[in-house]
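Here is the file input24.cif (mmCIF, C-alpha atoms and all ligand atoms).
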```
data_query
#
loop_
_atom_site.label_atom_id
_atom_site.label_comp_id
_atom_site.auth_asym_id
_atom_site.auth_seq_id
_atom_site.Cartn_x
_atom_site.Cartn_y
_atom_site.Cartn_z
CA MET A 67 -291.60 -33.10 87.48
CA THR A 68 -290.88 -30.32 84.99
CA ASP A 69 -287.38 -29.18 84.05
CA ASP A 70 -285.52 -27.15 86.64
CA ILE A 71 -285.31 -23.77 84.95
CA PHE A 72 -284.20 -21.79 87.98
CA SER A 73 -281.00 -23.42 89.23
CA ALA A 74 -278.87 -21.91 86.48
CA ARG A 75 -280.49 -18.50 86.97
CA LEU A 76 -279.85 -18.69 90.72
CA GLU A 77 -276.22 -19.62 90.09
CA GLU A 78 -275.89 -16.61 87.83
CA LEU A 79 -277.37 -14.36 90.55
CA ALA A 80 -274.94 -15.82 93.08
CA ALA A 81 -271.99 -15.21 90.75
CA ARG A 82 -272.98 -11.53 90.57
CA GLY A 83 -273.30 -11.24 94.37
CA LEU A 84 -277.06 -10.74 94.02
CA LEU A 85 -278.43 -13.91 95.61
CA ARG A 86 -280.75 -13.22 98.53
CA ALA A 87 -281.85 -15.30 101.49
CA ALA A 88 -284.04 -14.52 104.50
CA THR A 89 -282.11 -14.93 107.74
CA ALA A 90 -284.40 -16.40 110.39
CA PHE A 91 -283.62 -14.97 113.80
CA ASP A 92 -284.62 -16.89 116.86
CA GLY A 93 -285.56 -13.88 118.92
CA GLY A 94 -284.71 -10.34 119.75
CA SER A 95 -286.34 -7.03 120.41
CA ALA A 96 -286.69 -3.65 118.74
CA ARG A 97 -282.99 -3.19 119.58
CA THR A 98 -281.44 -6.58 118.94
CA VAL A 99 -281.74 -9.84 117.03
CA THR A 100 -280.51 -13.19 118.22
CA LEU A 101 -279.02 -15.77 115.93
CA ASN A 102 -277.81 -19.18 117.14
CA GLY A 103 -277.68 -17.84 120.68
CA ARG A 104 -275.68 -14.74 119.71
CA THR A 105 -277.14 -11.26 120.18
CA LEU A 106 -276.50 -8.64 117.52
CA LEU A 107 -277.42 -4.95 117.63
CA LEU A 108 -280.10 -4.29 115.03
CA PHE A 109 -279.15 -1.34 112.85
CA CYS A 110 -281.30 -1.98 109.78
CA SER A 111 -284.93 -2.16 110.86
CA ASN A 112 -287.51 0.53 110.11
CA ASP A 113 -288.77 0.38 113.68
CA TYR A 114 -287.65 3.96 114.29
CA PHE A 115 -289.39 4.42 117.66
CA GLY A 116 -289.12 0.81 118.84
CA LEU A 117 -292.90 0.44 118.80
CA SER A 118 -292.80 -3.14 117.49
CA HIS A 119 -292.35 -4.26 121.10
CA ASP A 120 -294.33 -1.54 122.88
CA PRO A 121 -296.34 -3.12 125.74
CA ARG A 122 -299.32 -0.78 125.17
CA ILE A 123 -299.60 -1.95 121.57
CA ILE A 124 -299.10 -5.60 122.47
CA ALA A 125 -301.93 -5.30 125.02
CA ALA A 126 -304.22 -3.75 122.37
CA VAL A 127 -303.43 -6.61 119.96
CA LYS A 128 -304.10 -9.26 122.63
CA GLU A 129 -307.41 -7.65 123.48
CA GLY A 130 -308.27 -7.54 119.78
CA LEU A 131 -307.42 -11.23 119.39
CA ASP A 132 -309.67 -12.19 122.29
CA ARG A 133 -312.51 -10.11 120.95
CA TYR A 134 -312.30 -10.67 117.20
CA GLY A 135 -310.29 -13.87 116.73
CA PHE A 136 -307.32 -14.44 114.47
CA GLY A 137 -308.20 -13.68 110.84
CA SER A 138 -310.81 -11.37 109.42
CA GLY A 139 -312.30 -14.10 107.24
CA GLY A 140 -312.97 -11.99 104.19
CA SER A 141 -312.19 -8.93 102.16
CA ARG A 142 -313.20 -5.53 103.46
CA LEU A 143 -316.24 -5.16 101.21
CA ILE A 144 -317.59 -8.69 101.75
CA SER A 145 -317.34 -9.58 105.44
CA GLY A 146 -313.90 -8.51 106.71
CA THR A 147 -314.60 -5.04 108.14
CA ARG A 148 -314.82 -4.73 111.94
CA THR A 149 -314.92 -1.72 114.22
CA PRO A 150 -311.07 -1.51 114.57
CA HIS A 151 -310.68 -1.09 110.78
CA VAL A 152 -313.07 1.83 110.74
CA GLU A 153 -311.58 3.35 113.88
CA LEU A 154 -308.09 3.02 112.46
CA GLU A 155 -309.07 4.72 109.20
CA ARG A 156 -310.66 7.56 111.17
CA GLY A 157 -307.68 7.71 113.54
CA ILE A 158 -305.19 8.02 110.68
CA ALA A 159 -307.26 10.67 108.91
CA SER A 160 -307.59 12.65 112.11
CA PHE A 161 -303.85 12.33 112.89
CA LEU A 162 -303.02 13.67 109.42
CA GLY A 163 -305.79 16.28 109.25
CA ALA A 164 -307.11 14.53 106.11
CA GLU A 165 -310.78 14.05 105.29
CA ALA A 166 -310.46 10.27 105.07
CA ALA A 167 -308.09 7.33 104.83
CA VAL A 168 -308.35 3.84 103.35
CA LEU A 169 -306.43 0.87 104.73
CA PHE A 170 -304.39 -1.62 102.73
CA GLY A 171 -302.73 -4.86 103.79
CA THR A 172 -299.21 -3.56 103.10
CA GLY A 173 -297.50 -0.53 101.64
CA PHE A 174 -296.65 -2.53 98.56
CA SER A 175 -300.29 -3.34 97.93
CA ALA A 176 -301.30 0.27 98.64
CA ASN A 177 -298.96 1.68 95.99
CA SER A 178 -299.71 -1.03 93.47
CA GLY A 179 -303.45 -0.60 94.01
CA VAL A 180 -303.89 3.14 94.42
CA ILE A 181 -301.86 4.39 91.47
CA PRO A 182 -303.66 2.35 88.79
CA ALA A 183 -306.98 3.32 90.39
CA VAL A 184 -306.32 7.05 90.22
CA ALA A 185 -304.14 7.43 87.10
CA GLU A 186 -306.06 6.19 84.11
CA LYS A 187 -305.58 5.85 80.37
CA GLY A 188 -304.95 9.30 78.91
CA ASP A 189 -303.31 10.57 82.13
CA VAL A 190 -299.58 11.13 82.60
CA ILE A 191 -297.52 10.06 85.63
CA PHE A 192 -294.25 11.86 86.42
CA ALA A 193 -292.24 9.62 88.73
CA ASP A 194 -288.89 10.14 90.48
CA LYS A 195 -286.32 7.68 89.12
CA LEU A 196 -285.41 6.45 92.61
CA ASN A 197 -288.98 5.77 93.74
CA HIS A 198 -289.62 2.64 95.78
CA ALA A 199 -290.24 -0.61 93.86
CA SER A 200 -293.91 -0.63 94.88
CA LEU A 201 -294.42 2.82 93.33
CA VAL A 202 -292.63 1.65 90.21
CA ASP A 203 -294.94 -1.37 89.98
CA GLY A 204 -298.03 0.76 90.70
CA CYS A 205 -297.04 3.04 87.82
CA ARG A 206 -296.44 0.04 85.55
CA LEU A 207 -299.89 -1.33 86.37
CA SER A 208 -301.54 1.98 85.55
CA ARG A 209 -302.64 2.56 82.00
CA ALA A 210 -301.42 6.15 82.17
CA GLU A 211 -298.31 7.26 80.27
CA LEU A 212 -295.21 7.09 82.49
CA VAL A 213 -292.42 9.68 82.47
CA ARG A 214 -289.54 9.26 84.92
CA TYR A 215 -287.57 12.31 86.03
CA PRO A 216 -284.01 12.35 87.46
CA HIS A 217 -283.90 11.99 91.24
CA CYS A 218 -285.31 15.10 92.98
CA ASP A 219 -284.54 17.20 89.88
CA THR A 220 -287.37 19.72 89.81
CA ALA A 221 -285.91 21.64 86.84
CA ALA A 222 -286.06 18.45 84.75
CA LEU A 223 -289.52 17.72 86.12
CA GLU A 224 -290.75 21.14 85.05
CA LYS A 225 -289.41 20.64 81.51
CA MET A 226 -291.22 17.31 81.33
CA LEU A 227 -294.45 18.81 82.65
CA LYS A 228 -294.28 21.54 79.99
CA LYS A 229 -293.53 19.04 77.23
CA ALA A 230 -296.37 16.71 78.17
CA GLY A 231 -299.10 19.14 77.15
CA SER A 232 -302.38 19.34 78.99
CA ALA A 233 -304.30 16.19 78.09
CA GLY A 234 -305.65 14.06 80.93
CA THR A 235 -304.75 14.34 84.60
CA ARG A 236 -301.08 14.64 85.53
CA TRP A 237 -299.72 12.94 88.63
CA ILE A 238 -296.38 13.63 90.25
CA VAL A 239 -295.48 10.50 92.20
CA THR A 240 -292.62 10.48 94.69
CA ASP A 241 -291.29 8.99 97.90
CA GLY A 242 -291.35 11.61 100.69
CA LEU A 243 -288.23 10.25 102.43
CA PHE A 244 -286.36 7.96 100.05
CA SER A 245 -285.99 4.51 101.54
CA MET A 246 -282.52 3.62 100.30
CA ASP A 247 -280.92 7.09 100.20
CA GLY A 248 -282.46 8.75 103.23
CA ASP A 249 -282.88 12.05 101.40
CA MET A 250 -286.16 13.88 100.88
CA ALA A 251 -288.17 14.95 97.88
CA PRO A 252 -288.32 18.78 97.69
CA LEU A 253 -292.05 18.75 98.31
CA ASP A 254 -292.36 22.54 98.52
CA GLU A 255 -290.98 22.88 94.98
CA ILE A 256 -292.91 19.87 93.74
CA CYS A 257 -296.20 21.26 95.06
CA SER A 258 -295.47 24.67 93.48
CA LEU A 259 -294.81 22.96 90.15
CA ALA A 260 -297.99 20.95 90.53
CA LYS A 261 -299.97 24.13 91.06
CA LYS A 262 -298.30 25.90 88.16
CA HIS A 263 -298.75 22.99 85.74
CA ASP A 264 -302.07 21.70 86.98
CA ALA A 265 -300.79 18.39 88.32
CA ARG A 266 -301.78 16.23 91.31
CA VAL A 267 -299.27 15.08 93.90
CA TYR A 268 -298.95 11.54 95.30
CA VAL A 269 -296.46 11.09 98.16
CA ASP A 270 -295.30 7.75 99.58
CA ASP A 271 -294.37 8.71 103.13
CA ALA A 272 -293.64 5.18 104.34
CA HIS A 273 -290.48 6.19 106.22
CA ALA A 274 -291.61 9.62 107.44
CA PHE A 275 -295.13 8.94 108.74
CA GLY A 276 -295.11 9.46 112.49
CA VAL A 277 -291.52 10.67 112.55
CA LEU A 278 -290.91 13.79 110.47
CA GLY A 279 -292.64 17.12 110.98
CA LYS A 280 -293.32 18.77 114.31
CA ASN A 281 -296.35 16.56 114.92
CA GLY A 282 -295.15 13.52 112.99
CA ARG A 283 -297.38 14.17 110.00
CA GLY A 284 -294.47 13.42 107.72
CA THR A 285 -292.77 15.21 104.85
CA PRO A 286 -295.83 17.34 103.90
CA GLU A 287 -295.78 18.82 107.41
CA LEU A 288 -291.98 19.25 107.32
CA PHE A 289 -292.14 21.11 103.99
CA GLY A 290 -295.26 23.11 104.93
CA VAL A 291 -297.37 21.67 102.10
CA GLU A 292 -300.12 19.86 103.98
CA GLY A 293 -303.31 20.27 102.01
CA LYS A 294 -301.33 20.52 98.76
CA VAL A 295 -300.61 16.80 98.55
CA ASP A 296 -303.57 15.04 96.94
CA ILE A 297 -302.83 11.55 98.19
CA LEU A 298 -300.55 10.74 101.11
CA MET A 299 -299.70 7.06 101.33
CA GLY A 300 -298.04 5.76 104.48
CA THR A 301 -297.21 2.46 106.06
CA LEU A 302 -297.87 1.08 109.52
CA GLY A 303 -294.96 -1.34 109.29
CA LYS A 304 -292.23 1.18 109.98
CA ALA A 305 -292.44 3.87 112.71
CA ALA A 306 -295.84 2.52 113.81
CA GLY A 307 -294.15 -0.82 114.49
CA GLY A 308 -296.93 -3.03 113.04
CA MET A 309 -297.95 -3.76 109.48
CA GLY A 310 -300.42 -2.41 106.96
CA ALA A 311 -300.73 0.85 105.08
CA PHE A 312 -303.10 3.61 104.12
CA ALA A 313 -303.87 6.20 101.50
CA ALA A 314 -305.22 9.49 102.90
CA GLY A 315 -306.78 12.47 101.19
CA LYS A 316 -310.21 13.82 100.37
CA LYS A 317 -313.33 11.82 101.24
CA SER A 318 -314.11 11.44 97.53
CA THR A 319 -310.60 10.01 96.92
CA ALA A 320 -311.09 7.47 99.70
CA ASP A 321 -314.52 6.50 98.33
CA TRP A 322 -312.99 6.13 94.86
CA LEU A 323 -310.27 3.83 96.20
CA LEU A 324 -312.82 1.76 98.07
CA ASN A 325 -314.63 1.26 94.75
CA LYS A 326 -311.69 1.01 92.37
CA GLY A 327 -308.57 0.03 94.33
CA ARG A 328 -308.09 -3.57 93.24
CA SER A 329 -305.65 -4.46 96.01
CA PHE A 330 -308.16 -3.08 98.52
CA ILE A 331 -311.18 -4.84 97.03
CA PHE A 332 -309.74 -8.22 96.13
CA SER A 333 -307.74 -8.97 99.27
CA THR A 334 -308.44 -10.26 102.78
CA ALA A 335 -308.82 -7.51 105.38
CA MET A 336 -306.00 -7.09 107.88
CA PRO A 337 -306.75 -8.99 111.11
CA SER A 338 -308.85 -6.86 113.48
CA ALA A 339 -306.29 -7.35 116.25
CA VAL A 340 -303.59 -5.89 113.98
CA ALA A 341 -305.88 -2.96 113.21
CA ALA A 342 -306.41 -2.45 116.96
CA GLY A 343 -302.63 -2.53 117.53
CA ASN A 344 -302.07 -0.10 114.68
CA LEU A 345 -304.68 2.24 116.15
CA LYS A 346 -302.85 2.24 119.47
CA ALA A 347 -299.58 2.94 117.61
CA VAL A 348 -301.11 5.91 115.77
CA GLU A 349 -302.41 7.19 119.11
CA ILE A 350 -298.90 6.90 120.59
CA LEU A 351 -297.33 8.62 117.57
CA GLY A 352 -299.78 11.47 118.10
CA ASN A 353 -298.47 12.00 121.62
CA CYS A 354 -294.74 11.57 121.33
CA GLY A 355 -293.43 15.06 120.61
CA ALA A 356 -290.63 14.68 123.19
CA GLU A 357 -289.51 11.34 121.71
CA ARG A 358 -289.59 12.82 118.21
CA ASN A 359 -287.37 15.70 119.29
CA ALA A 360 -285.00 13.29 121.03
CA PHE A 361 -284.81 11.15 117.88
CA MET A 362 -283.99 14.17 115.72
CA GLN A 363 -281.23 15.13 118.16
CA ILE A 364 -279.83 11.60 118.15
CA THR A 365 -279.89 11.58 114.35
CA GLU A 366 -278.08 14.91 114.12
CA THR A 367 -275.42 13.87 116.61
CA PHE A 368 -274.87 10.55 114.81
CA HIS A 369 -274.35 12.37 111.52
CA GLN A 370 -271.89 14.76 113.16
CA ARG A 371 -269.96 11.79 114.53
CA LEU A 372 -269.90 10.15 111.11
CA LYS A 373 -268.64 13.36 109.53
CA THR A 374 -265.89 13.70 112.13
CA ALA A 375 -264.91 10.11 111.39
CA GLY A 376 -264.49 11.05 107.72
CA PHE A 377 -267.69 9.69 106.22
CA ALA A 378 -269.44 11.75 103.54
CA ILE A 379 -273.10 10.82 103.92
CA PRO A 380 -275.51 12.51 101.54
CA SER A 381 -278.56 12.03 103.79
CA LYS A 382 -279.32 13.94 106.97
CA SER A 383 -281.98 11.55 108.19
CA TYR A 384 -282.17 8.39 110.27
CA ILE A 385 -281.72 6.37 107.04
CA ILE A 386 -277.98 6.37 106.46
CA PRO A 387 -276.59 5.00 103.19
CA LEU A 388 -272.92 3.99 103.10
CA VAL A 389 -272.30 3.41 99.43
CA ILE A 390 -269.69 0.71 98.80
CA GLY A 391 -270.12 0.18 95.06
CA SER A 392 -270.04 -3.49 94.12
CA ALA A 393 -272.54 -6.01 95.45
CA GLY A 394 -269.72 -8.27 96.63
CA GLY A 395 -268.04 -5.37 98.43
CA ALA A 396 -271.27 -4.50 100.25
CA LEU A 397 -271.75 -8.14 101.30
CA SER A 398 -268.20 -8.33 102.65
CA ALA A 399 -268.65 -5.04 104.52
CA ALA A 400 -271.89 -6.27 106.11
CA LYS A 401 -270.14 -9.46 107.20
CA LEU A 402 -267.38 -7.48 108.94
CA LEU A 403 -270.01 -5.54 110.89
CA TRP A 404 -271.86 -8.73 111.82
CA ASP A 405 -268.62 -10.13 113.19
CA ASP A 406 -268.53 -7.10 115.49
CA GLY A 407 -272.11 -7.74 116.59
CA ILE A 408 -273.73 -5.04 114.42
CA PHE A 409 -276.48 -6.34 112.17
CA VAL A 410 -276.75 -4.30 108.96
CA GLN A 411 -277.82 -5.64 105.58
CA ALA A 412 -276.06 -5.18 102.26
CA ILE A 413 -278.48 -3.42 99.91
CA ARG A 414 -277.91 -4.46 96.30
CA PRO A 415 -279.61 -4.11 92.90
CA PRO A 416 -282.45 -4.05 92.09
CA ALA A 417 -283.15 -2.22 95.39
CA VAL A 418 -280.53 0.34 94.34
CA PRO A 419 -278.94 1.16 90.95
CA GLU A 420 -276.07 -1.00 89.68
CA GLY A 421 -272.70 0.05 91.13
CA THR A 422 -274.23 1.71 94.22
CA SER A 423 -274.57 -1.30 96.52
CA ARG A 424 -274.43 -0.12 100.07
CA LEU A 425 -274.90 -0.65 103.72
CA ARG A 426 -278.11 1.01 104.84
CA LEU A 427 -277.92 1.86 108.49
CA THR A 428 -281.03 2.97 110.34
CA LEU A 429 -281.34 4.55 113.74
CA SER A 430 -283.97 3.75 116.34
CA LEU A 431 -285.01 5.17 119.67
CA ALA A 432 -284.65 1.61 120.92
CA HIS A 433 -280.82 1.92 120.70
CA THR A 434 -278.75 3.11 123.61
CA GLU A 435 -275.88 5.57 123.37
CA GLN A 436 -273.49 2.61 123.78
CA ASP A 437 -275.17 0.81 120.87
CA ARG A 438 -274.59 3.79 118.58
CA GLU A 439 -271.01 4.03 119.81
CA ALA A 440 -270.46 0.36 118.99
CA ALA A 441 -271.88 0.86 115.49
CA LEU A 442 -269.67 3.90 114.90
CA GLN A 443 -266.60 2.00 116.10
CA SER A 444 -267.29 -0.89 113.78
CA LEU A 445 -267.98 1.37 110.80
CA THR A 446 -264.84 3.37 111.42
CA SER A 447 -262.63 0.34 111.67
CA HIS A 448 -264.02 -1.51 108.64
CA ILE A 449 -265.63 0.87 106.19
CA GLY A 450 -263.91 4.23 106.52
CA SER A 451 -261.17 4.02 103.90
CA GLY A 452 -263.15 2.25 101.17
CA HIS A 453 -266.32 4.29 101.45
CA LYS A 454 -267.13 6.41 98.42
CA GLY A 455 -269.71 8.57 100.12
CA THR A 456 -271.44 9.42 96.87
CA GLY A 457 -274.89 8.22 97.88
CA SER A 458 -277.45 8.76 95.18
C1 LIG A 501 -290.89 3.90 100.34
C2 LIG A 501 -291.60 2.62 100.60
N1 LIG A 501 -292.83 2.47 100.12
C3 LIG A 501 -293.53 1.35 100.32
C4 LIG A 501 -293.00 0.30 101.02
C5 LIG A 501 -293.78 -0.94 101.19
O1 LIG A 501 -294.37 -0.96 102.44
P1 LIG A 501 -294.72 -2.34 103.14
O2 LIG A 501 -293.45 -2.85 103.73
O3 LIG A 501 -295.74 -1.97 104.15
O4 LIG A 501 -295.24 -3.24 102.08
C6 LIG A 501 -291.72 0.42 101.56
C7 LIG A 501 -291.18 -0.68 102.40
O5 LIG A 501 -290.30 -1.36 102.18
C8 LIG A 501 -290.99 1.60 101.33
O6 LIG A 501 -289.74 1.71 101.78
#
```
The structure in this file should be written as structure tokens.
Ligand SMILES: Cc1ncc(COP(=O)(O)O)c(C=O)c1O
Amino acid sequence: MTDDIFSARLEELAARGLLRAATAFDGGSARTVTLNGRTLLLFCSNDYFGLSHDPRIIAAVKEGLDRYGFGSGGSRLISGTRTPHVELERGIASFLGAEAAVLFGTGFSANSGVIPAVAEKGDVIFADKLNHASLVDGCRLSRAELVRYPHCDTAALEKMLKKAGSAGTRWIVTDGLFSMDGDMAPLDEICSLAKKHDARVYVDDAHAFGVLGKNGRGTPELFGVEGKVDILMGTLGKAAGGMGAFAAGKKSTADWLLNKGRSFIFSTAMPSAVAAGNLKAVEILGNCGAERNAFMQITETFHQRLKTAGFAIPSKSYIIPLVIGSAGGALSAAKLLWDDGIFVQAIRPPAVPEGTSRLRLTLSLAHTEQDREAALQSLTSHIGSGHKGTGS
């Protein structure tokens, strides 16, 4: 047995309120989780439309399992590709109006595989400082020069674009809807800057795919810049209710990723049954205009209620950050909500910058009006007075 080098490090993490553990629930639904026989309302999933438990999707997965078995048995380019993978890639491309899409096992592997494949030595990446960890790691893996600009600050971005000169290809890389702040990248301005300064745009739309925009085509649709985003990455583990991810764009981009995306090439293909379930989810997302409108209305009303209760929330979306400050403070706040039957996680560094630990509340169509009322009650009684409301 080698020396235990981690116990002391773990103790240090615990002392700073940064120790993490995965709570194992014994059941639940898109709306609730159960723990030791107790049911809690789930207010921190990314299952915005409750599709994780949709019977149409579950039926498609079961059918896929019967037809194709459990695992895919190989990577996509060796032996792992089946009809559902190809149909799903076509389905996503068609949903987005893109020429093509390429699947990845997860959003994390998409970002960490696509960025190094497209941004090469001699190129420059301009990345928002609050980008998701997987974008950060994708940029680190790339051999391109990395420049990080202040969050959503397009004036600073423009200065940096000017300063960088014109060598190589320039990539602006940003979340569409920021996962921990719930605010959006100003994609209209970013795409104008990209045009003016000859840059390409890469958007991680993990939290907006299927939800934002009139037809659910995400932040590019919302900001009217579809066709101006070079690569749109999205996940199937959030509004689509399953797991997996994609990068969509031109056919040549997809072919390039198939040849050069290391996390695509050197990784087992997603199970065919999961691909079949994802395809059903994309189909549903393509036909849920009424649900989308209802969700936007629910989101707006919830924000109004929070405002009336004295909360200053910087986001307007279904991702609602309640900044507490210290990691310990956020943990204590989460515990108070749990005691009331509201399950919300404390989000701490490195997921968010030091001193901005928070509760991150998310809304879902799976909630009832009474559920939202219960969450509001609990927030008002426990968080109100201590909440800074500074967000990002
Ligand atoms: C903005 C963003 N990008 C990428 C990911 C990673 O996606 P996945 O969970 O599919 O790995 C997440 C999920 O946590 C995310 O929030």
### Task
One decimal, Å: what's the distance from atom CA of A:Met226 over to atom CA of A:Glu292, could you say?
24.5 Å
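Proximity to ligand LIG 501 (chain A) was assessed for A:Lys280, A:Arg209, A:Lys304, A:Lys373 counting all atoms listed in the file; the smallest distance is recorded for A:Lys304.
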### Query
ligand LIG 501 (chain A): which residues are within 8 Å, counting only C-alpha atoms and all ligand atoms, as a PyMOL selection string?
chain A and resi 171-177+197-201+241-246+270-273+300-304+309-311
### Query
With all atoms listed in the file as the atoms that count, which of A:Val168, A:Leu298, A:Ala96, A:Val418 lies nearest to A:Glu153?
A:Val168
### Task
Using all atoms listed in the file, find the one residue out of A:Ala166, A:Leu429, A:Val202, A:Ala81 that sits nearest to A:Arg214.
A:Val202
### Message
Using all atoms listed in the file for the distances, tell me which of A:Pro415, A:Gly276, A:Pro337, A:Gly376 is nearest to A:Phe161.
### Response
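Answer, going by the shortest atom-to-atom distance: A:Gly276.
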### Task
Please determine the residues with any atom at most 10 Å from (-284.2, 16.3, 101.5) (coordinates as given in the file, with all atoms listed in the file counting) and report them as a VMD selection string.
chain A and resid 218 242 to 244 247 to 253 285 289 380 to 383
### Task
Would you please work out which residue, of A:Tyr215, A:Phe115, A:Phe275, A:Phe332, is nearest to A:Phe170 when using all atoms listed in the file?
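Distance minimum relative to A:Phe170 lands on A:Phe332.
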### Task
Rank A:Ser423, A:Ser430, A:Ser73, A:Ser329 by their smallest atom-to-atom distance to A:Ile390, using all atoms listed in the file, and report the top residue only.
A:Ser423
### Message
Could you tell me how far atom CA of A:Gly163 sits from atom CA of A:Lys195, in Å to one decimal place?
### Response
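Result for atom CA of A:Lys195 versus atom CA of A:Gly163: 29.3 Å, one decimal.
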### Task
Extract, using only C-alpha atoms, all DNA, RNA and protein residues at most 7 Å from stretch 134-136 of chain A, discarding same-chain residues fewer than 4 positions from it, and format them as a list in words.
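Non-adjacent residues within range: Gly130, Pro337, Ser338 and Ala339 of chain A.
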### Query
Expressed in Å to a single decimal, how great is the separation between atom CA of A:Leu101 and atom CA of A:Lys401?
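Separation between atom CA of A:Leu101 and atom CA of A:Lys401: 14.0 Å.
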Skip A:Asn325 itself and residues of its chain fewer than 6 positions away, then list as a JSON list (two decimals) with C-alpha atoms, in the frame of the given file all residues within 10 Å of it, counting all atoms listed in the file.
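File around-v5.json, as written:
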```json
[["chain", "number", "residue", "atom", "x", "y", "z"],
["A", 143, "LEU", "CA", -316.24, -5.16, 101.21],
["A", 183, "ALA", "CA", -306.98, 3.32, 90.39],
["A", 319, "THR", "CA", -310.60, 10.01, 96.92],
["A", 331, "ILE", "CA", -311.18, -4.84, 97.03]]
```
### Message
List as a PyMOL selection string the protein and nucleic acid residues near A:Cys257, meaning an atom at most 8 Å away when all atoms listed in the file are counted, but skip any in the same chain fewer than 2 places from it.
### Response
chain A and resi 253-255+259-261+267+291+294-295
A:Val213 environment, 7 Å, all atoms listed in the file, sequence neighbours closer than 6 positions dropped, as a PDB file with C-alpha atoms, in the frame of the given file:
```
ATOM      1  CA  ILE A 191    -297.520  10.060  85.630  1.00  0.00           C
ATOM      2  CA  PHE A 192    -294.250  11.860  86.420  1.00  0.00           C
ATOM      3  CA  ALA A 193    -292.240   9.620  88.730  1.00  0.00           C
TER       4      ALA A 193
END
```
What would stretch 307-318 of chain A look like with N, CA, C and O atoms in place, written as a CSV table (one decimal), in the frame of the given file?
```csv
chain,number,residue,atom,x,y,z
A,307,GLY,N,-294.6,0.4,113.9
A,307,GLY,CA,-294.2,-0.8,114.5
A,307,GLY,C,-295.0,-2.0,114.2
A,307,GLY,O,-294.8,-3.1,114.7
A,308,GLY,N,-296.0,-1.9,113.3
A,308,GLY,CA,-296.9,-3.0,113.0
A,308,GLY,C,-296.8,-3.5,111.6
A,308,GLY,O,-295.7,-3.8,111.1
A,309,MET,N,-298.0,-3.5,110.9
A,309,MET,CA,-298.0,-3.8,109.5
A,309,MET,C,-299.3,-3.3,108.9
A,309,MET,O,-300.3,-3.2,109.6
A,310,GLY,N,-299.2,-3.0,107.6
A,310,GLY,CA,-300.4,-2.4,107.0
A,310,GLY,C,-300.0,-1.1,106.4
A,310,GLY,O,-298.9,-0.6,106.5
A,311,ALA,N,-301.0,-0.4,105.7
A,311,ALA,CA,-300.7,0.8,105.1
A,311,ALA,C,-302.0,1.6,104.8
A,311,ALA,O,-303.1,1.0,105.1
A,312,PHE,N,-301.9,2.8,104.4
A,312,PHE,CA,-303.1,3.6,104.1
A,312,PHE,C,-302.8,4.6,103.0
A,312,PHE,O,-301.7,4.9,102.7
A,313,ALA,N,-303.9,5.0,102.4
A,313,ALA,CA,-303.9,6.2,101.5
A,313,ALA,C,-304.8,7.2,102.1
A,313,ALA,O,-306.0,6.9,102.4
A,314,ALA,N,-304.4,8.5,102.3
A,314,ALA,CA,-305.2,9.5,102.9
A,314,ALA,C,-305.4,10.7,102.0
A,314,ALA,O,-304.5,11.0,101.2
A,315,GLY,N,-306.5,11.3,102.0
A,315,GLY,CA,-306.8,12.5,101.2
A,315,GLY,C,-308.2,12.9,101.4
A,315,GLY,O,-308.8,12.9,102.5
A,316,LYS,N,-308.8,13.4,100.3
A,316,LYS,CA,-310.2,13.8,100.4
A,316,LYS,C,-311.1,12.6,100.5
A,316,LYS,O,-310.8,11.5,100.2
A,317,LYS,N,-312.3,12.9,101.0
A,317,LYS,CA,-313.3,11.8,101.2
A,317,LYS,C,-313.6,11.2,99.9
A,317,LYS,O,-313.8,9.9,99.8
A,318,SER,N,-313.8,12.0,98.8
A,318,SER,CA,-314.1,11.4,97.5
A,318,SER,C,-313.0,10.5,97.0
A,318,SER,O,-313.3,9.5,96.4
```
